[in-house]
Each structure stands twice: as structure tokens, then as C-alpha cells.
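File shown here: target.pdb, holding PDB, C-alpha atoms and all ligand atoms.
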MODEL        1
ATOM      1  CA  MET A   1      11.328  34.313  -8.825
ATOM      2  CA  ALA A   2       7.923  33.279 -10.166
ATOM      3  CA  ALA A   3       5.131  33.628  -7.642
ATOM      4  CA  GLN A   4       3.469  30.511  -6.261
ATOM      5  CA  ILE A   5      -0.105  30.527  -7.587
ATOM      6  CA  ILE A   6      -2.412  29.548  -4.732
ATOM      7  CA  SER A   7      -5.169  27.516  -6.377
ATOM      8  CA  GLY A   8      -8.486  27.660  -4.554
ATOM      9  CA  THR A   9      -9.828  25.270  -7.157
ATOM     10  CA  GLU A  10      -7.302  22.580  -6.141
ATOM     11  CA  ILE A  11      -7.463  23.177  -2.393
ATOM     12  CA  SER A  12     -11.247  23.275  -2.485
ATOM     13  CA  LYS A  13     -11.216  19.921  -4.307
ATOM     14  CA  GLN A  14      -9.015  18.407  -1.562
ATOM     15  CA  ILE A  15     -11.349  19.661   1.188
ATOM     16  CA  ARG A  16     -14.440  18.411  -0.663
ATOM     17  CA  GLU A  17     -12.866  14.959  -0.925
ATOM     18  CA  GLU A  18     -12.246  14.988   2.829
ATOM     19  CA  LEU A  19     -15.830  16.137   3.434
ATOM     20  CA  THR A  20     -17.313  13.470   1.163
ATOM     21  CA  LYS A  21     -15.570  10.827   3.246
ATOM     22  CA  GLU A  22     -16.655  12.443   6.517
ATOM     23  CA  ILE A  23     -20.285  12.650   5.343
ATOM     24  CA  GLU A  24     -20.235   8.981   4.312
ATOM     25  CA  ASP A  25     -18.893   8.028   7.746
ATOM     26  CA  LEU A  26     -21.556  10.127   9.482
ATOM     27  CA  LYS A  27     -24.255   8.335   7.502
ATOM     28  CA  GLN A  28     -22.861   4.855   8.040
ATOM     29  CA  GLN A  29     -21.733   5.101  11.639
ATOM     30  CA  HIS A  30     -24.287   7.517  13.094
ATOM     31  CA  ASN A  31     -27.210   7.562  10.651
ATOM     32  CA  ILE A  32     -26.750  11.327  10.246
ATOM     33  CA  THR A  33     -27.319  13.221   6.995
ATOM     34  CA  PRO A  34     -26.350  16.897   7.314
ATOM     35  CA  GLY A  35     -29.018  19.258   5.905
ATOM     36  CA  LEU A  36     -28.859  22.812   4.567
ATOM     37  CA  ALA A  37     -31.808  25.126   3.905
ATOM     38  CA  THR A  38     -31.147  27.926   1.420
ATOM     39  CA  ILE A  39     -33.510  30.859   1.083
ATOM     40  CA  LEU A  40     -33.454  33.261  -1.861
ATOM     41  CA  VAL A  41     -35.708  36.313  -1.874
ATOM     42  CA  GLY A  42     -36.205  38.048  -5.226
ATOM     43  CA  ASP A  43     -34.538  37.402  -8.548
ATOM     44  CA  ASP A  44     -31.117  39.002  -8.471
ATOM     45  CA  PRO A  45     -29.228  37.022 -11.160
ATOM     46  CA  GLY A  46     -25.948  36.880  -9.197
ATOM     47  CA  SER A  47     -27.672  35.639  -6.030
ATOM     48  CA  LYS A  48     -29.540  33.008  -8.068
ATOM     49  CA  VAL A  49     -26.244  31.690  -9.411
ATOM     50  CA  TYR A  50     -24.703  31.543  -5.910
ATOM     51  CA  VAL A  51     -27.683  29.728  -4.385
ATOM     52  CA  GLY A  52     -27.688  27.298  -7.317
ATOM     53  CA  GLN A  53     -23.989  26.583  -6.726
ATOM     54  CA  LYS A  54     -24.636  25.933  -3.023
ATOM     55  CA  GLU A  55     -27.459  23.528  -3.824
ATOM     56  CA  LYS A  56     -25.311  21.713  -6.398
ATOM     57  CA  ALA A  57     -22.421  21.386  -3.920
ATOM     58  CA  CYS A  58     -24.793  19.820  -1.352
ATOM     59  CA  ASN A  59     -26.038  17.292  -3.892
ATOM     60  CA  LYS A  60     -22.509  16.346  -4.927
ATOM     61  CA  LEU A  61     -21.282  15.865  -1.368
ATOM     62  CA  GLY A  62     -24.328  13.995  -0.068
ATOM     63  CA  ILE A  63     -25.765  16.836   2.046
ATOM     64  CA  TYR A  64     -29.567  17.071   2.128
ATOM     65  CA  SER A  65     -30.612  20.441   0.714
ATOM     66  CA  GLU A  66     -33.895  22.285   0.774
ATOM     67  CA  ARG A  67     -34.167  25.419  -1.342
ATOM     68  CA  THR A  68     -36.909  28.031  -1.017
ATOM     69  CA  ASP A  69     -37.253  30.771  -3.624
ATOM     70  CA  LEU A  70     -39.501  33.606  -2.507
ATOM     71  CA  PRO A  71     -40.809  36.554  -4.546
ATOM     72  CA  ALA A  72     -39.178  39.981  -4.127
ATOM     73  CA  ASP A  73     -42.285  41.363  -2.379
ATOM     74  CA  THR A  74     -42.174  38.743   0.409
ATOM     75  CA  THR A  75     -42.827  40.434   3.740
ATOM     76  CA  GLU A  76     -40.256  40.432   6.516
ATOM     77  CA  ALA A  77     -42.797  38.655   8.742
ATOM     78  CA  ASP A  78     -43.174  35.808   6.228
ATOM     79  CA  LEU A  79     -39.407  35.432   5.904
ATOM     80  CA  LEU A  80     -39.006  35.404   9.699
ATOM     81  CA  ALA A  81     -41.716  32.725   9.929
ATOM     82  CA  LEU A  82     -39.835  30.557   7.410
ATOM     83  CA  VAL A  83     -36.582  30.955   9.366
ATOM     84  CA  ALA A  84     -38.438  29.994  12.558
ATOM     85  CA  LYS A  85     -39.768  26.868  10.819
ATOM     86  CA  PHE A  86     -36.259  25.788   9.781
ATOM     87  CA  ASN A  87     -34.942  26.554  13.282
ATOM     88  CA  GLU A  88     -37.290  23.808  14.531
ATOM     89  CA  ASP A  89     -36.667  21.336  11.689
ATOM     90  CA  SER A  90     -34.357  18.523  12.801
ATOM     91  CA  LYS A  91     -33.468  17.603   9.187
ATOM     92  CA  ILE A  92     -31.925  21.061   8.804
ATOM     93  CA  ASN A  93     -28.530  21.831  10.359
ATOM     94  CA  GLY A  94     -27.734  25.015   8.448
ATOM     95  CA  ILE A  95     -29.888  27.947   7.374
ATOM     96  CA  LEU A  96     -28.553  30.262   4.712
ATOM     97  CA  VAL A  97     -30.493  33.380   3.769
ATOM     98  CA  GLN A  98     -28.809  34.753   0.665
ATOM     99  CA  LEU A  99     -27.844  38.427   1.003
ATOM    100  CA  PRO A 100     -28.521  41.112  -0.021
ATOM    101  CA  LEU A 101     -32.224  41.046   0.806
ATOM    102  CA  PRO A 102     -34.746  43.417  -0.810
ATOM    103  CA  LYS A 103     -34.625  46.891   0.751
ATOM    104  CA  HIS A 104     -37.917  46.563   2.662
ATOM    105  CA  ILE A 105     -36.470  43.670   4.717
ATOM    106  CA  ASP A 106     -34.053  44.362   7.564
ATOM    107  CA  ASP A 107     -31.036  42.025   7.111
ATOM    108  CA  THR A 108     -30.093  42.362  10.765
ATOM    109  CA  ARG A 109     -33.484  41.217  12.064
ATOM    110  CA  VAL A 110     -33.403  38.197   9.778
ATOM    111  CA  ILE A 111     -29.855  37.188  10.757
ATOM    112  CA  ASP A 112     -30.728  37.630  14.445
ATOM    113  CA  ALA A 113     -33.672  35.243  13.983
ATOM    114  CA  ILE A 114     -31.501  32.325  12.790
ATOM    115  CA  ALA A 115     -30.683  29.883  15.606
ATOM    116  CA  PRO A 116     -26.959  30.440  16.305
ATOM    117  CA  ASP A 117     -26.345  26.656  16.097
ATOM    118  CA  LYS A 118     -27.708  26.682  12.516
ATOM    119  CA  ASP A 119     -25.993  29.922  11.461
ATOM    120  CA  VAL A 120     -23.574  28.319   8.994
ATOM    121  CA  ASP A 121     -22.685  31.749   7.538
ATOM    122  CA  CYS A 122     -21.461  32.786  11.016
ATOM    123  CA  PHE A 123     -23.254  36.136  10.704
ATOM    124  CA  HIS A 124     -25.300  35.936  13.948
ATOM    125  CA  PRO A 125     -23.973  38.285  16.677
ATOM    126  CA  VAL A 126     -23.475  35.332  19.052
ATOM    127  CA  ASN A 127     -21.194  33.623  16.531
ATOM    128  CA  VAL A 128     -19.417  36.863  15.625
ATOM    129  CA  GLY A 129     -18.763  37.395  19.339
ATOM    130  CA  LYS A 130     -17.389  33.858  19.718
ATOM    131  CA  LEU A 131     -15.168  34.381  16.685
ATOM    132  CA  VAL A 132     -13.674  37.510  18.263
ATOM    133  CA  ILE A 133     -13.103  35.717  21.573
ATOM    134  CA  GLY A 134     -11.722  32.678  19.734
ATOM    135  CA  THR A 135     -14.215  30.087  21.001
ATOM    136  CA  GLY A 136     -16.412  29.691  17.896
ATOM    137  CA  ARG A 137     -17.161  26.337  16.311
ATOM    138  CA  PHE A 138     -18.290  28.010  13.060
ATOM    139  CA  LEU A 139     -16.070  30.370  11.151
ATOM    140  CA  PRO A 140     -17.463  32.631   8.417
ATOM    141  CA  CYS A 141     -17.052  30.960   5.046
ATOM    142  CA  THR A 142     -14.835  33.319   3.050
ATOM    143  CA  PRO A 143     -12.407  34.148   5.904
ATOM    144  CA  HIS A 144     -12.279  30.458   6.844
ATOM    145  CA  GLY A 145     -11.500  29.682   3.207
ATOM    146  CA  ILE A 146      -8.647  32.204   3.264
ATOM    147  CA  MET A 147      -7.200  30.609   6.421
ATOM    148  CA  GLU A 148      -7.280  27.193   4.722
ATOM    149  CA  LEU A 149      -5.617  28.566   1.572
ATOM    150  CA  LEU A 150      -2.768  29.982   3.657
ATOM    151  CA  LYS A 151      -2.388  26.885   5.816
ATOM    152  CA  ARG A 152      -2.518  24.367   2.988
ATOM    153  CA  SER A 153      -0.079  26.422   0.876
ATOM    154  CA  GLY A 154       2.469  26.370   3.699
ATOM    155  CA  ILE A 155       2.333  30.137   4.292
ATOM    156  CA  VAL A 156       3.630  31.041   7.758
ATOM    157  CA  THR A 157       1.508  33.707   9.462
ATOM    158  CA  ASP A 158       3.115  33.678  12.930
ATOM    159  CA  GLY A 159       4.770  37.035  13.611
ATOM    160  CA  LYS A 160       4.031  38.329  10.098
ATOM    161  CA  HIS A 161       2.400  41.652   9.290
ATOM    162  CA  ALA A 162      -1.007  40.988   7.735
ATOM    163  CA  VAL A 163      -2.638  43.992   6.113
ATOM    164  CA  VAL A 164      -6.358  43.666   5.369
ATOM    165  CA  VAL A 165      -7.939  46.154   2.984
ATOM    166  CA  GLY A 166     -11.732  46.432   3.385
ATOM    167  CA  ARG A 167     -13.811  46.411   6.579
ATOM    168  CA  SER A 168     -16.943  44.482   5.550
ATOM    169  CA  ASN A 169     -18.737  42.300   8.089
ATOM    170  CA  ILE A 170     -18.470  39.331   5.715
ATOM    171  CA  VAL A 171     -14.727  39.459   4.980
ATOM    172  CA  GLY A 172     -12.569  42.318   6.310
ATOM    173  CA  LYS A 173     -13.551  42.408   9.976
ATOM    174  CA  PRO A 174     -13.666  38.619  10.503
ATOM    175  CA  ILE A 175     -10.421  37.837   8.638
ATOM    176  CA  ALA A 176      -8.610  40.543  10.631
ATOM    177  CA  ASN A 177      -9.858  38.897  13.827
ATOM    178  CA  LEU A 178      -8.871  35.395  12.725
ATOM    179  CA  MET A 179      -5.378  36.458  11.684
ATOM    180  CA  LEU A 180      -4.694  37.932  15.104
ATOM    181  CA  GLN A 181      -5.860  34.929  17.158
ATOM    182  CA  ARG A 182      -3.014  33.274  19.018
ATOM    183  CA  SER A 183      -3.899  29.897  17.475
ATOM    184  CA  PRO A 184      -1.974  28.192  14.632
ATOM    185  CA  GLY A 185      -2.630  29.899  11.301
ATOM    186  CA  GLY A 186      -2.962  33.247  13.090
ATOM    187  CA  ASN A 187      -0.677  35.126  15.478
ATOM    188  CA  ALA A 188      -0.020  37.822  12.893
ATOM    189  CA  THR A 189       0.236  41.540  13.570
ATOM    190  CA  VAL A 190      -2.817  42.923  11.820
ATOM    191  CA  THR A 191      -3.530  46.281  10.220
ATOM    192  CA  LEU A 192      -7.058  46.878   8.928
ATOM    193  CA  CYS A 193      -7.339  49.544   6.208
ATOM    194  CA  HIS A 194     -10.581  50.969   4.829
ATOM    195  CA  THR A 195     -12.044  53.889   2.885
ATOM    196  CA  GLY A 196     -11.079  56.253   5.707
ATOM    197  CA  THR A 197      -7.392  55.241   5.548
ATOM    198  CA  LYS A 198      -5.126  58.038   4.415
ATOM    199  CA  ASP A 199      -2.195  56.997   2.190
ATOM    200  CA  LEU A 200      -3.262  53.365   1.708
ATOM    201  CA  SER A 201      -0.056  52.346  -0.027
ATOM    202  CA  ALA A 202       2.017  53.366   3.026
ATOM    203  CA  TYR A 203       0.324  50.385   4.748
ATOM    204  CA  THR A 204       0.059  47.932   1.863
ATOM    205  CA  LYS A 205       3.802  48.313   1.217
ATOM    206  CA  GLN A 206       4.474  47.019   4.733
ATOM    207  CA  ALA A 207       2.408  43.855   4.263
ATOM    208  CA  ASP A 208       3.983  40.407   4.451
ATOM    209  CA  ILE A 209       0.479  39.076   3.795
ATOM    210  CA  LEU A 210      -1.976  41.336   1.967
ATOM    211  CA  ILE A 211      -5.687  40.458   1.963
ATOM    212  CA  VAL A 212      -7.832  42.622  -0.275
ATOM    213  CA  ALA A 213     -11.649  42.763  -0.256
ATOM    214  CA  VAL A 214     -12.741  46.149  -1.546
ATOM    215  CA  GLY A 215     -14.903  45.403  -4.600
ATOM    216  CA  HIS A 216     -12.966  47.566  -7.073
ATOM    217  CA  PRO A 217     -11.094  45.999  -9.986
ATOM    218  CA  LYS A 218      -7.310  46.268  -9.853
ATOM    219  CA  ALA A 219      -7.348  48.608  -6.804
ATOM    220  CA  ILE A 220      -3.943  47.250  -5.718
ATOM    221  CA  THR A 221      -1.105  47.730  -8.193
ATOM    222  CA  ALA A 222       2.534  46.577  -8.176
ATOM    223  CA  ASP A 223       3.843  49.910  -6.866
ATOM    224  CA  MET A 224       1.713  49.411  -3.710
ATOM    225  CA  VAL A 225       3.354  46.139  -2.560
ATOM    226  CA  LYS A 226       6.799  44.980  -1.472
ATOM    227  CA  GLU A 227       8.864  42.161  -2.980
ATOM    228  CA  GLY A 228       7.918  38.745  -1.598
ATOM    229  CA  VAL A 229       4.429  39.652  -0.392
ATOM    230  CA  VAL A 230       1.745  36.939  -0.166
ATOM    231  CA  VAL A 231      -1.438  38.275  -1.777
ATOM    232  CA  ILE A 232      -4.979  37.018  -1.186
ATOM    233  CA  ASP A 233      -7.451  38.639  -3.568
ATOM    234  CA  VAL A 234     -11.072  38.313  -2.472
ATOM    235  CA  GLY A 235     -12.537  40.560  -5.187
ATOM    236  CA  VAL A 236     -14.689  39.263  -8.014
ATOM    237  CA  ASN A 237     -15.525  42.146 -10.350
ATOM    238  CA  ARG A 238     -17.288  41.854 -13.705
ATOM    239  CA  ILE A 239     -15.295  44.087 -16.043
ATOM    240  CA  GLY A 240     -16.900  43.159 -19.365
ATOM    241  CA  LYS A 241     -18.244  40.312 -21.433
ATOM    242  CA  THR A 242     -16.656  37.875 -23.859
ATOM    243  CA  GLU A 243     -17.974  37.638 -27.418
ATOM    244  CA  GLU A 244     -20.058  34.668 -26.243
ATOM    245  CA  GLY A 245     -21.597  36.862 -23.527
ATOM    246  CA  ARG A 246     -19.743  35.314 -20.577
ATOM    247  CA  PRO A 247     -18.602  37.746 -17.868
ATOM    248  CA  ILE A 248     -14.930  38.718 -17.782
ATOM    249  CA  LEU A 249     -13.794  38.734 -14.141
ATOM    250  CA  ALA A 250     -11.043  40.719 -12.453
ATOM    251  CA  GLY A 251      -9.931  40.708  -8.844
ATOM    252  CA  ASP A 252      -9.265  43.696  -6.599
ATOM    253  CA  VAL A 253      -5.553  43.205  -7.309
ATOM    254  CA  ASP A 254      -3.824  43.839 -10.629
ATOM    255  CA  PHE A 255      -2.739  40.207 -10.922
ATOM    256  CA  ASP A 256      -0.403  40.531 -13.920
ATOM    257  CA  SER A 257       1.814  43.211 -12.411
ATOM    258  CA  VAL A 258       1.577  42.208  -8.719
ATOM    259  CA  LYS A 259       2.497  38.563  -9.407
ATOM    260  CA  GLU A 260       5.919  39.783 -10.580
ATOM    261  CA  LYS A 261       6.692  40.987  -7.039
ATOM    262  CA  ALA A 262       4.692  38.516  -4.938
ATOM    263  CA  SER A 263       6.031  35.242  -3.532
ATOM    264  CA  ALA A 264       2.503  33.790  -3.643
ATOM    265  CA  ILE A 265      -0.828  35.059  -4.991
ATOM    266  CA  THR A 266      -4.406  33.874  -5.548
ATOM    267  CA  PRO A 267      -5.850  34.199  -9.054
ATOM    268  CA  VAL A 268      -9.351  35.445  -9.936
ATOM    269  CA  PRO A 269     -11.206  33.321 -10.789
ATOM    270  CA  GLY A 270      -9.968  30.127  -9.121
ATOM    271  CA  GLY A 271      -8.597  31.612  -5.901
ATOM    272  CA  VAL A 272     -10.748  32.516  -2.897
ATOM    273  CA  GLY A 273     -14.059  32.079  -4.789
ATOM    274  CA  PRO A 274     -14.241  28.264  -4.831
ATOM    275  CA  MET A 275     -13.375  28.114  -1.122
ATOM    276  CA  THR A 276     -16.438  29.986   0.137
ATOM    277  CA  ILE A 277     -19.022  27.340  -0.776
ATOM    278  CA  THR A 278     -16.699  24.548   0.336
ATOM    279  CA  MET A 279     -16.428  26.091   3.800
ATOM    280  CA  LEU A 280     -20.218  26.455   3.898
ATOM    281  CA  MET A 281     -20.435  22.700   3.336
ATOM    282  CA  LYS A 282     -17.871  22.178   6.111
ATOM    283  CA  ASN A 283     -19.915  24.323   8.525
ATOM    284  CA  THR A 284     -23.071  22.370   7.684
ATOM    285  CA  VAL A 285     -21.288  19.115   8.508
ATOM    286  CA  GLU A 286     -19.922  20.662  11.715
ATOM    287  CA  SER A 287     -23.424  21.775  12.691
ATOM    288  CA  ALA A 288     -24.825  18.278  12.089
ATOM    289  CA  LYS A 289     -22.102  16.831  14.323
ATOM    290  CA  MET A 290     -22.838  19.418  17.014
ATOM    291  CA  ALA A 291     -26.577  18.631  16.893
ATOM    292  CA  ALA A 292     -25.739  14.951  17.452
ATOM    293  CA  GLY A 293     -23.375  15.729  20.322
ATOM    294  CA  LEU A 294     -20.314  14.610  18.346
TER     295      LEU A 294
HETATM  296  N1  LIG B 301     -24.069  37.178  -0.263
HETATM  297  C1  LIG B 301     -22.783  37.303  -0.663
HETATM  298  N2  LIG B 301     -21.975  36.470   0.039
HETATM  299  C2  LIG B 301     -22.773  35.806   0.903
HETATM  300  C3  LIG B 301     -22.528  34.813   1.888
HETATM  301  O1  LIG B 301     -21.398  34.379   2.131
HETATM  302  N3  LIG B 301     -23.624  34.374   2.570
HETATM  303  C4  LIG B 301     -24.883  34.853   2.332
HETATM  304  N4  LIG B 301     -25.883  34.378   3.080
HETATM  305  N5  LIG B 301     -25.148  35.788   1.431
HETATM  306  C5  LIG B 301     -24.097  36.253   0.713
ENDMDL
END
Show the structure stored in the file as C-alpha cells.
Ligand code: GUN
Amino acid sequence: MAAQIISGTEISKQIREELTKEIEDLKQQHNITPGLATILVGDDPGSKVYVGQKEKACNKLGIYSERTDLPADTTEADLLALVAKFNEDSKINGILVQLPLPKHIDDTRVIDAIAPDKDVDCFHPVNVGKLVIGTGRFLPCTPHGIMELLKRSGIVTDGKHAVVVGRSNIVGKPIANLMLQRSPGGNATVTLCHTGTKDLSAYTKQADILIVAVGHPKAITADMVKEGVVVIDVGVNRIGKTEEGRPILAGDVDFDSVKEKASAITPVPGGVGPMTITMLMKNTVESAKMAAGL
């Protein structure tokens, strides 16, 4: 049976339509315009593209956006002062400091300085703690996007074995926590694999739902999965360039072979990728509602 292709492009479009309507209502009924501040330090080309995409998404949806580009030699003290300024700015509901930061700046200190109510990435320890307990109002963008992909594709998670490969703070750890919450869309039995896991395929072969975020192209091959598995591929790896100089992308999963065994699978590009920015927009709207007591 051909695998269902889970389109993040389509699902993201649906959610953006819902958000556009919600933002219009907030403006008309409550005089609220959600606002996002993005901060980019240095000139990493990939980070520039991501911040540009976030700014563009704000403009399209009607979210106020304020972008600050700082030179690579910005001091940690200056960056902390800028975060403190946005913490106090009532036009700003979300603060996003694009990671990674230059080596002389401590990521942790910067994340800790963001007001938890404006931490739309959900990286602040207060929000990470709430996520683990299950009381958070923000969810981290990529894991939240994965939950929406599963839910809106009709994938049942209750009682299933979800195997997560990769233990990053941005994807692996939070998605493992979300999948095991008792709430709808979770309630799975979760196994979290990582670079210390011996015999990885012994675990991946048991997965009903396999979520892969390792940052290596085609790390998961067809012999490592069982028939009928649902596969969520978070990886975006540049594996070459087209003749026109555009990057050729591959996921962490060998899509062509794994799709022959899977019941459902996300493509790369067009799978998890488009969801991340959409969920950032959703968190910014949520933060604006929270600030207004809604
Ligand atoms: N760098 C890569 N992904 C992310 C993300 O989701 N948020 C931020 N702030 N930086 C990133």
C-alpha cells in the first residue's frame, strides 16, 4: 500500500488561514496586534534565511515584527540589554533570539534573560519545566508542529510505541515529553534513542511512530523500520547543489526506500520544516492573548 504523504506545506497553510482569521478578530474586537521581535547576531547565511522567513510570515499574517541584526562581535552584555528592552516593550509579545549565537556569547544566559511570557521558542527553563509537567501554554515550535501534523493527519498516538531518535533540547527531548503526556495527541509509550544507544535498529524496528532528528542524511533506512510505521523526519541536510546553485536537501530518513514500508511519512522538504515558523506565529498570538488576559 502506498504511504500517506503527510504534507507540512498543506497543514501549515490551513493553520495560517486559521491564524489570519484569529489575528483579524483580535484587532477588531480587542484592538490587539500581536508583536514579535527577532534578533540575529552575526551573519550566518542559514540563520539569515530563517529570520527572514519569520519576518515575512509575520507580515503576511498581520503580526507586527521588529527585526534587529547585530554584528558578530556584539557583546553578551549588549545582547542582554536588548532582550531586557523587549521584555519591557508592550508592543512585543514574543522575543526570538536566533540560535546558534557566536561562541563568545552564552546561549543559556541569553535564554534565561527572556521573560518566560515572551519566550515564544519555549526554550526558557520555566517553560521547559511546564512542558514536562503538562501545564505549559507555549509549546516549542518544531515539536508542536509535529503534534499538529500527527493530529491533523488522523494518526492515532494513544497506546502506540513512539521512538524518538535524537536528544536535542529543541526537538528530541521536548517531543518525547509531549508524546507521553496523557492528553489527546499523546499517551504513547516513548523510547528516546541517542548517540549512546547500542543497536539503534533494535529500537527503530519496534516503532509504530518514528520521529527522527539527528542531523545526518538518510540515517534511517528501510531495513531499520517495520511495515506500517508512521515516520516523521525532522532532518534538513544540504547534500549538494543543483546546476543553478540551489541546495539539494535530504532528510534524516531515506525517503525513497522507507516510504515503501511506511503507512505515512513526511517528505523533506515540505514536511516538518514549514510547520516550525507557523507554530512560532501561533505562540506569538497566544502570548498576545495572554498579555491581554484572554
Ligand atoms: N535555530 C534553529 N532552530 C531554531 C529555533 O527554533 N529557534 C531559534 N531561536 N533558533 C533556532
Next item on the list: Do a neighbour search on Gly145 of chain A at 9 Å with only C-alpha atoms, toss out local chain neighbours closer than 3 positions, and write the hits as a PyMOL selection string.
Entry: chain A and resi 8+12+140-142+148-150+272-279
Check: Closest to ligand LIG 301 (chain B) among A:Lys48, A:Lys289, A:Lys130, A:Lys241, using only C-alpha atoms and all ligand atoms?
Finding: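 Among the listed residues, A:Lys48 lies closest to ligand LIG 301 (chain B).
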Check: Hey, what comes out of the PyMOL selection byres (((chain A and resi 97) around 10) and not hetatm) on this file? Could you write it as a ChimeraX atom specification?
Finding: /A:37-41,51,68,79,83,94-96,98-101,107,110-111,114,119,121
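Compared by their closest atoms to Arg16 of chain A, and using only C-alpha atoms, the residues A:Ala57, A:Leu70, A:Ala250, A:Val120 rank with A:Ala57 nearest.
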Convert the output of the PyMOL selection byres (((chain A and resi 249) around 7) and not hetatm) on the shown file into explicit residues, formatted as a PDB file with C-alpha atoms, in the coordinates of the input.
ATOM      1  CA  VAL A 236     -14.689  39.263  -8.014  1.00  0.00           C
ATOM      2  CA  ASN A 237     -15.525  42.146 -10.350  1.00  0.00           C
ATOM      3  CA  ARG A 238     -17.288  41.854 -13.705  1.00  0.00           C
ATOM      4  CA  ILE A 239     -15.295  44.087 -16.043  1.00  0.00           C
ATOM      5  CA  PRO A 247     -18.602  37.746 -17.868  1.00  0.00           C
ATOM      6  CA  ILE A 248     -14.930  38.718 -17.782  1.00  0.00           C
ATOM      7  CA  ALA A 250     -11.043  40.719 -12.453  1.00  0.00           C
ATOM      8  CA  GLY A 251      -9.931  40.708  -8.844  1.00  0.00           C
ATOM      9  CA  VAL A 268      -9.351  35.445  -9.936  1.00  0.00           C
ATOM     10  CA  PRO A 269     -11.206  33.321 -10.789  1.00  0.00           C
TER      11      PRO A 269
END
Next item on the list: Go through the shown structure with the PyMOL selection byres (((chain A and resi 257) around 10) and not hetatm) and write out the matching residues as a VMD selection string.
Entry: chain A and resid 218 220 to 223 253 to 256 258 to 262
Item checked: d(atom CA of Val231 of chain A, atom CA of Ala207 of chain A) in Å -> 9.1 Å
Check: If you count all atoms listed in the file, which residues fall within 12 Å of Asn93 of chain A, apart from same-chain ones fewer than 2 positions away, as number ranges by chain?
Finding: A: 32-38, 63-66, 86-91, 95-96, 114-121, 280-292
With all atoms of ligand LIG 301 (chain B) from the file as input, state the centre and edge lengths in Å to one decimal of the axis-aligned box that has 5 Å extra on each side, as JSON.
{"center_x": -23.6, "center_y": 35.8, "center_z": 1.2, "size_x": 14.5, "size_y": 12.9, "size_z": 13.7}
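Relative to atom CA of Pro102 of chain A, atom C1 of ligand LIG 301 (chain B) is found at 13.4 Å.
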Notebook entry, point to check: For Asp69 of chain A, which residue out of A:Gly154, A:Gly196, A:Gly245, A:Gly42 is the nearest one, using all atoms listed in the file?
Noted result: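 Among the listed residues, A:Gly42 lies closest to Asp69 of chain A.
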Checklist line | Nearest to Ser168 of chain A by atom-to-atom distance, counting only C-alpha atoms, from A:Val212, A:Ala113, A:Ile11, A:Ala264 | finding: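 Smallest distance to Ser168 of chain A is found for A:Val212.
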Checklist line | Among the residues A:Ile5, A:Lys160, A:Glu10, A:Asn169, the one that comes closest to ligand LIG 301 (chain B) [using only C-alpha atoms and all ligand atoms] | finding: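 Among the listed residues, A:Asn169 lies closest to ligand LIG 301 (chain B).
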Around the point (1.0, 42.7, 3.2), in the coordinates given by the file, pick out the residues reaching within 7 Å, counting all atoms listed in the file, and return them as a compact mmCIF listing (two decimals) with C-alpha atoms, in the coordinates of the input.
# COMPACT_ATOMS: atom_id res chain seq x y z
CA HIS A 161 2.40 41.65 9.29
CA ALA A 162 -1.01 40.99 7.74
CA VAL A 163 -2.64 43.99 6.11
CA THR A 204 0.06 47.93 1.86
CA LYS A 205 3.80 48.31 1.22
CA GLN A 206 4.47 47.02 4.73
CA ALA A 207 2.41 43.86 4.26
CA ASP A 208 3.98 40.41 4.45
CA ILE A 209 0.48 39.08 3.80
CA LEU A 210 -1.98 41.34 1.97
CA VAL A 229 4.43 39.65 -0.39
CA VAL A 230 1.74 36.94 -0.17
For segment 241-255 of chain A of the block above, can you save N, CA and C atoms as a CSV table (one decimal), in the first residue's frame?
chain,number,residue,atom,x,y,z
A,241,LYS,N,24.4,20.7,-4.5
A,241,LYS,CA,23.8,21.9,-5.1
A,241,LYS,C,23.3,21.5,-6.5
A,242,THR,N,22.2,22.1,-6.9
A,242,THR,CA,21.7,21.9,-8.3
A,242,THR,C,22.6,22.7,-9.3
A,243,GLU,N,22.4,22.5,-10.6
A,243,GLU,CA,23.2,23.3,-11.5
A,243,GLU,C,23.1,24.8,-11.4
A,244,GLU,N,21.8,25.2,-10.9
A,244,GLU,CA,21.6,26.6,-10.7
A,244,GLU,C,22.1,27.1,-9.4
A,245,GLY,N,22.7,26.2,-8.6
A,245,GLY,CA,23.3,26.6,-7.3
A,245,GLY,C,22.4,26.5,-6.1
A,246,ARG,N,21.2,26.0,-6.3
A,246,ARG,CA,20.2,25.8,-5.2
A,246,ARG,C,20.6,24.6,-4.4
A,247,PRO,N,20.4,24.6,-3.1
A,247,PRO,CA,20.8,23.5,-2.3
A,247,PRO,C,19.9,22.3,-2.5
A,248,ILE,N,20.5,21.1,-2.6
A,248,ILE,CA,19.7,19.9,-2.6
A,248,ILE,C,19.6,19.4,-1.2
A,249,LEU,N,18.3,19.2,-0.8
A,249,LEU,CA,18.0,18.8,0.6
A,249,LEU,C,17.7,17.3,0.8
A,250,ALA,N,18.1,16.7,1.9
A,250,ALA,CA,17.7,15.4,2.2
A,250,ALA,C,17.4,15.3,3.7
A,251,GLY,N,16.4,14.5,4.0
A,251,GLY,CA,16.1,14.3,5.4
A,251,GLY,C,17.0,13.4,6.1
A,252,ASP,N,16.7,13.1,7.4
A,252,ASP,CA,17.5,12.1,8.2
A,252,ASP,C,17.0,10.7,7.8
A,253,VAL,N,15.9,10.6,7.0
A,253,VAL,CA,15.4,9.3,6.7
A,253,VAL,C,15.5,9.1,5.2
A,254,ASP,N,15.9,7.9,4.8
A,254,ASP,CA,16.0,7.6,3.3
A,254,ASP,C,14.5,7.4,2.8
A,255,PHE,N,14.0,8.6,2.3
A,255,PHE,CA,12.6,8.6,2.0
A,255,PHE,C,12.2,7.6,1.0
